[in-house]
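Listing of upload-v6.txt, compact mmCIF, C-alpha atoms
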```txt
# COMPACT_ATOMS: atom_id res chain seq x y z
CA MET J 1 104.74 130.89 129.02
CA GLY J 2 101.12 130.60 127.92
CA LYS J 3 101.94 128.43 124.94
CA GLU J 4 104.01 125.97 126.95
CA GLU J 5 101.29 125.71 129.59
CA CYS J 6 98.67 125.02 126.91
CA LYS J 7 100.84 122.36 125.31
CA THR J 8 101.38 120.65 128.65
CA MET J 9 97.67 120.67 129.44
CA LEU J 10 96.77 119.39 125.98
CA ASP J 11 99.40 116.65 126.19
CA ALA J 12 97.90 115.49 129.49
CA LEU J 13 94.43 115.38 127.93
CA ASN J 14 95.67 113.43 124.91
CA LYS J 15 97.33 110.83 127.12
CA VAL J 16 94.22 110.33 129.25
CA THR J 17 91.91 110.03 126.22
CA ALA J 18 94.34 107.52 124.70
CA CYS J 19 94.22 105.48 127.91
CA TYR J 20 90.43 105.64 127.86
CA ARG J 21 90.33 104.32 124.30
CA HIS J 22 92.63 101.47 125.33
CA LEU J 23 90.28 100.55 128.16
CA VAL J 24 87.18 100.70 125.95
CA ILE J 25 88.73 98.06 123.69
CA ALA J 26 88.63 95.58 126.58
CA LEU J 27 84.88 96.04 127.16
CA GLY J 28 82.85 92.93 126.37
CA SER J 29 85.98 90.77 126.15
CA THR J 30 87.26 88.18 128.58
CA SER J 31 89.26 91.00 130.21
CA ASP J 32 86.03 92.80 131.17
CA SER J 33 85.40 93.08 134.89
CA GLN J 34 84.00 95.29 137.63
CA ASN J 35 87.43 96.85 138.03
CA LEU J 36 87.54 97.74 134.34
CA ARG J 37 84.18 99.51 134.60
CA GLU J 38 85.50 101.59 137.49
CA GLU J 39 88.70 102.34 135.59
CA LEU J 40 86.64 103.57 132.66
CA LYS J 41 84.54 105.77 134.91
CA ARG J 42 87.48 107.40 136.65
CA THR J 43 89.48 107.84 133.44
CA ARG J 44 86.70 109.56 131.51
CA LYS J 45 86.00 111.87 134.46
CA LYS J 46 89.69 112.78 134.52
CA ALA J 47 89.51 113.47 130.79
CA GLN J 48 86.49 115.75 131.25
CA GLU J 49 88.25 117.71 134.00
CA LEU J 50 91.25 118.25 131.75
CA ALA J 51 88.94 119.18 128.87
CA VAL J 52 87.30 121.94 130.90
CA ALA J 53 90.71 123.29 131.91
CA ASN J 54 91.93 123.26 128.30
CA ARG J 55 88.78 124.94 127.02
CA THR J 56 88.93 127.71 129.63
CA LYS J 57 92.61 128.43 128.99
CA LEU J 58 92.48 128.39 125.20
CA THR J 59 89.24 130.35 125.01
CA SER J 60 90.62 133.21 127.09
CA LEU J 61 93.82 133.33 125.03
CA LEU J 62 92.05 133.28 121.68
CA LYS J 63 89.73 136.08 122.76
CA ASP J 64 92.69 138.26 123.71
CA LYS J 65 93.05 140.90 121.00
CA SER J 66 96.53 141.93 122.13
CA ILE J 67 98.35 138.69 121.26
CA SER J 68 100.64 138.61 118.25
CA LYS J 69 99.77 137.01 114.93
CA GLU J 70 102.23 134.17 115.48
CA ASP J 71 100.87 133.41 118.95
CA ARG J 72 97.30 133.42 117.63
CA ALA J 73 98.25 130.97 114.89
CA GLU J 74 99.80 128.67 117.49
CA TYR J 75 96.77 128.87 119.80
CA GLU J 76 94.46 128.14 116.88
CA ARG J 77 96.54 125.06 116.06
CA LEU J 78 96.28 123.88 119.68
CA TRP J 79 92.53 124.58 119.59
CA VAL J 80 92.09 122.32 116.57
CA LEU J 81 94.07 119.55 118.31
CA PHE J 82 91.95 120.03 121.42
CA SER J 83 88.71 119.84 119.42
CA SER J 84 89.88 116.64 117.71
CA SER J 85 90.74 115.06 121.06
CA MET J 86 87.29 115.94 122.40
CA GLU J 87 85.57 114.45 119.37
CA LEU J 88 87.49 111.20 119.84
CA LEU J 89 86.56 111.16 123.53
CA GLU J 90 82.88 111.59 122.64
CA VAL J 91 83.05 108.72 120.14
CA ASP J 92 84.71 106.42 122.68
CA MET J 93 82.19 107.33 125.38
CA LYS J 94 79.33 106.44 123.04
CA ARG J 95 81.04 103.18 122.16
CA SER J 96 81.52 102.43 125.85
CA LEU J 97 77.81 103.02 126.46
CA GLU J 98 76.74 100.70 123.64
CA ILE J 99 79.08 97.88 124.62
CA GLY J 100 78.26 98.29 128.30
CA GLN J 101 74.55 97.92 127.54
CA ASP J 102 75.21 94.80 125.44
CA PHE J 103 77.44 93.19 128.08
CA PRO J 104 76.05 93.85 131.57
CA LEU J 105 78.13 92.24 134.32
CA LYS J 106 75.54 91.81 137.07
CA VAL J 107 73.03 89.96 134.89
CA PRO J 108 74.99 88.62 131.89
CA THR J 109 72.89 88.27 128.74
CA ARG J 110 75.63 86.93 126.49
CA HIS J 111 79.06 85.37 126.70
CA LEU J 112 82.12 87.60 126.78
CA ILE J 113 84.06 87.64 123.52
CA GLN J 114 87.42 85.90 123.33
CA THR J 115 89.43 88.64 121.63
CA GLY J 116 92.87 87.33 122.53
CA MET J 117 93.42 90.10 125.07
CA THR J 118 94.48 88.82 128.47
CA GLY J 119 95.62 90.34 131.72
CA SER J 120 94.61 93.34 133.77
CA THR J 121 94.13 96.90 132.55
CA THR J 122 95.17 98.35 135.91
CA THR J 123 98.52 99.62 134.60
CA VAL J 124 96.88 101.63 131.83
CA ALA J 125 94.32 103.12 134.21
CA ALA J 126 97.05 104.03 136.71
CA ARG J 127 98.92 105.90 134.00
CA ALA J 128 95.79 107.82 133.09
CA MET J 129 95.21 108.80 136.72
CA SER J 130 98.94 109.47 137.34
CA VAL J 131 99.04 107.15 140.35
CA GLN J 132 101.23 104.23 141.29
CA ASN J 133 98.44 101.86 142.30
CA MET J 134 94.72 101.89 141.61
CA LYS J 135 92.33 101.62 144.55
CA TYR J 136 88.92 100.21 143.71
CA GLU J 137 85.81 101.32 145.56
CA ALA J 138 83.01 100.47 143.15
CA ASP J 139 79.97 98.53 144.26
CA SER J 140 78.59 95.47 142.52
CA ASN J 141 76.07 97.35 140.38
CA ILE J 142 78.53 99.79 138.80
CA ASP J 143 77.85 98.43 135.34
CA THR J 144 74.19 99.48 135.50
CA ALA J 145 74.36 102.64 137.65
CA ASP J 146 77.33 104.00 135.73
CA LEU J 147 75.62 103.60 132.37
CA ARG J 148 73.00 106.19 133.31
CA GLU J 149 75.72 108.55 134.47
CA LEU J 150 77.71 107.90 131.31
CA GLN J 151 74.71 108.78 129.16
CA CYS J 152 74.39 112.14 130.90
CA GLU J 153 78.10 112.83 130.51
CA ILE J 154 77.93 112.11 126.78
CA GLY J 155 75.29 114.84 126.52
CA GLN J 156 77.55 117.20 128.46
CA VAL J 157 80.51 116.53 126.15
CA SER J 158 78.32 117.04 123.08
CA GLN J 159 77.08 120.34 124.52
CA MET J 160 80.66 121.38 125.24
CA LEU J 161 81.64 120.74 121.62
CA GLU J 162 78.72 122.85 120.39
CA GLU J 163 79.63 125.70 122.73
CA MET J 164 83.23 125.52 121.59
CA GLU J 165 82.19 125.99 117.99
CA MET J 166 80.04 128.97 118.94
CA LYS J 167 82.54 130.75 121.20
CA VAL J 168 85.69 130.23 119.13
CA GLN J 169 85.39 129.96 115.38
CA VAL J 170 88.58 128.42 114.06
CA ALA J 171 88.48 126.76 110.64
CA PRO J 172 90.46 123.49 110.88
CA TRP J 173 91.41 123.64 107.20
CA ALA J 174 92.97 127.07 107.71
CA VAL J 175 95.38 125.86 110.39
CA GLU J 176 98.81 124.78 109.20
CA ALA J 177 100.51 121.76 110.74
CA LYS J 178 103.90 122.22 112.36
CA GLN J 179 105.21 118.79 111.34
CA GLU J 180 104.58 116.05 108.80
CA ALA J 181 101.97 113.39 109.44
CA GLY J 182 103.38 110.58 111.57
CA ALA J 183 106.49 112.55 112.50
CA GLU J 184 106.08 111.64 116.17
CA LEU J 185 106.38 107.95 115.31
CA LYS J 186 109.78 108.52 113.71
CA SER J 187 111.17 110.15 116.79
CA ASN J 188 113.66 108.16 118.87
CA MET J 189 112.54 109.90 122.05
CA SER J 190 110.89 107.64 124.61
CA VAL J 191 107.35 108.32 125.79
CA GLY J 192 106.81 109.53 129.35
CA ASN J 193 105.66 107.36 132.22
CA SER J 194 102.10 108.67 131.98
CA SER J 195 101.65 107.52 128.41
CA VAL J 196 99.84 104.43 127.23
CA GLY J 197 103.00 102.64 126.28
CA VAL J 198 106.54 103.09 125.08
CA ILE J 199 106.86 103.55 121.34
CA SER J 200 110.29 103.08 119.92
CA ILE J 201 110.84 103.00 116.20
CA CYS J 202 114.44 103.00 115.13
CA GLU J 203 115.07 103.53 111.48
CA GLU J 204 118.52 102.83 110.15
CA GLU J 205 119.63 105.24 107.51
CA PRO J 206 121.66 103.77 104.65
CA LYS J 207 125.33 104.57 105.01
CA GLU J 208 126.91 106.47 102.16
CA GLU J 209 130.15 105.13 100.80
CA ASP J 210 133.06 107.55 100.48
CA GLY J 211 133.54 108.77 96.94
CA GLY J 212 130.52 106.86 95.63
CA GLY J 213 132.76 104.12 94.17
CA GLY J 214 130.99 101.32 96.00
CA GLY J 215 127.59 102.29 94.56
CA GLN J 216 128.88 102.41 90.99
CA GLY J 217 130.64 99.06 91.37
CA SER J 218 127.51 97.33 92.62
CA GLY J 219 125.50 98.85 89.76
CA LEU J 220 127.93 97.51 87.12
CA GLY J 221 127.93 94.11 88.79
CA SER J 222 124.13 93.95 88.60
CA ILE J 223 124.14 94.85 84.90
CA CYS J 224 126.76 92.17 84.11
CA ALA J 225 124.78 89.58 86.00
CA VAL J 226 121.63 90.40 84.00
CA LEU J 227 123.53 90.16 80.72
CA VAL J 228 125.02 86.80 81.65
CA PHE J 229 121.59 85.50 82.57
CA ILE J 230 120.15 86.63 79.22
CA VAL J 231 122.98 84.92 77.34
CA ILE J 232 122.48 81.67 79.25
CA VAL J 233 118.75 81.68 78.56
CA GLY J 234 119.38 82.36 74.88
CA VAL J 235 121.85 79.49 74.56
CA ALA J 236 119.46 77.16 76.35
CA LEU J 237 116.65 78.05 73.95
CA VAL J 238 118.85 77.47 70.90
CA LEU J 239 120.06 74.10 72.17
CA GLY J 240 116.53 73.07 72.97
CA TYR J 241 115.37 74.00 69.48
CA LEU J 242 118.21 71.99 67.88
CA VAL J 243 117.50 68.93 69.99
CA ILE J 244 113.82 68.99 69.05
CA ASN J 245 114.57 69.26 65.29
CA MET J 246 117.21 66.49 65.36
CA SER J 247 114.83 64.12 67.06
```
Re-express the file's structure as structure tokens.
Amino acid sequence: MGKEECKTMLDALNKVTACYRHLVIALGSTSDSQNLREELKRTRKKAQELAVANRTKLTSLLKDKSISKEDRAEYERLWVLFSSSMELLEVDMKRSLEIGQDFPLKVPTRHLIQTGMTGSTTTVAARAMSVQNMKYEADSNIDTADLRELQCEIGQVSQMLEEMEMKVQVAPWAVEAKQEAGAELKSNMSVGNSSVGVISICEEEPKEEDGGGGGQGSGLGSICAVLVFIVIVGVALVLGYLVINMS
């Protein structure tokens, strides 16, 4: 029960941090707006709430001396995934701070960049917050007031990462992966409604012919075609040589 609960909590955190990264990409572009700044604020706060819940749960489980060796290995794997997600969140928060300082909305200092992105980011933010419709309540100076708050939150996330390393010492290189890299992209399962988007990659496997006769026949045909081509080229070269000498 504990493992499934941890996986569910970690999955929720990963989805919210992915949504946050998607929103950060729109900063400073023609899609930037007051609504986007509020979406970023609410999404990162949601991510931090989930991060605290994940840290508390995993820390208590990893400190439990009575769990089995297999369970400990699984919790250590989830801890490494959690740490990686937190590091990505910290990077994106710092990027959001830098871009937000370069592109203030209330007193613009430079033109927004035409990145080719159009449309609203409301759908992505709603998925991160697990709501049907976003309700905006931000005031006009959110881009300046929120930057100060964001700077403090970056310090809190950095401190959390340091405390995580001190409380639970799990070597990332000692944790074995449960699946190959990119295995989730090969899955035909659809992504849930709370995800950033629907990823569907269908790979058609080559059909095997019964008895293998078809494969052998095509191989012989290819060899014959190559031989015929070589003969034709050889004849053409000989004829060309004769024509040049006769003239």
When distances are computed from all atoms listed in the file, which of J:Ile142, J:Met9, J:Val91, J:Ile223 shows the smallest separation from Leu58 in chain J?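 Closest candidate: J:Met9.
Candidate residues J:Leu50, J:Arg37, J:Ser83, J:Lys3 were compared for distance to Glu70 in chain J, and the nearest is J:Lys3, using all atoms listed in the file.
Note that the spacing between CA of Leu78 in chain J and CA of Lys7 in chain J amounts to 7.4 Å.
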What's around Ala51 in chain J at 12 Å? Count all atoms listed in the file, leave out sequence neighbours fewer than 6 positions away in its own chain, and write the answer as a ChimeraX atom specification. /J:6,9-17,44-45,57-59,79,81-87,89-90,156-157,160-161,164
So that I can see what lies close to range 96-108 of chain J, please list as number ranges by chain the residues with an atom at most 8 Å from it, counting all atoms listed in the file and leaving out residues fewer than 6 positions away in the same chain. J: 24, 27-28, 33-34, 140-141, 143-144, 147, 150-151
Go through J:Leu62, J:Ala126, J:Ala53, J:Ala18 and flag the residue nearest Val170 in chain J, using all atoms listed in the file for the distances.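 The closest residue to Val170 in chain J is J:Leu62.
Between CA of Cys19 in chain J and CA of Leu36 in chain J the separation is 12.1 Å.
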Using CA of Ala73 in chain J and CA of Lys46 in chain J as the two end points, give the distance in Å to one decimal. 28.1 Å
Option closest in space to Glu39 in chain J, from J:Arg55, J:His22, J:Lys69, J:Lys94 [counting only C-alpha atoms]: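 Answer, going by the shortest atom-to-atom distance: J:His22.
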Pick from J:Val238, J:Val168, J:Leu23, J:Leu227, whichever lies nearest to Glu76 in chain J using all atoms listed in the file: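 Of J:Val238, J:Val168, J:Leu23, J:Leu227, the one nearest Glu76 in chain J is J:Val168, counting all atoms listed in the file.
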Selected residue of minimal separation from Glu74 in chain J among J:Asp146, J:Ser31, J:Val175, J:Glu153, counting all atoms listed in the file: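 When distances to Glu74 in chain J are compared using all atoms listed in the file, the smallest one comes from J:Val175.
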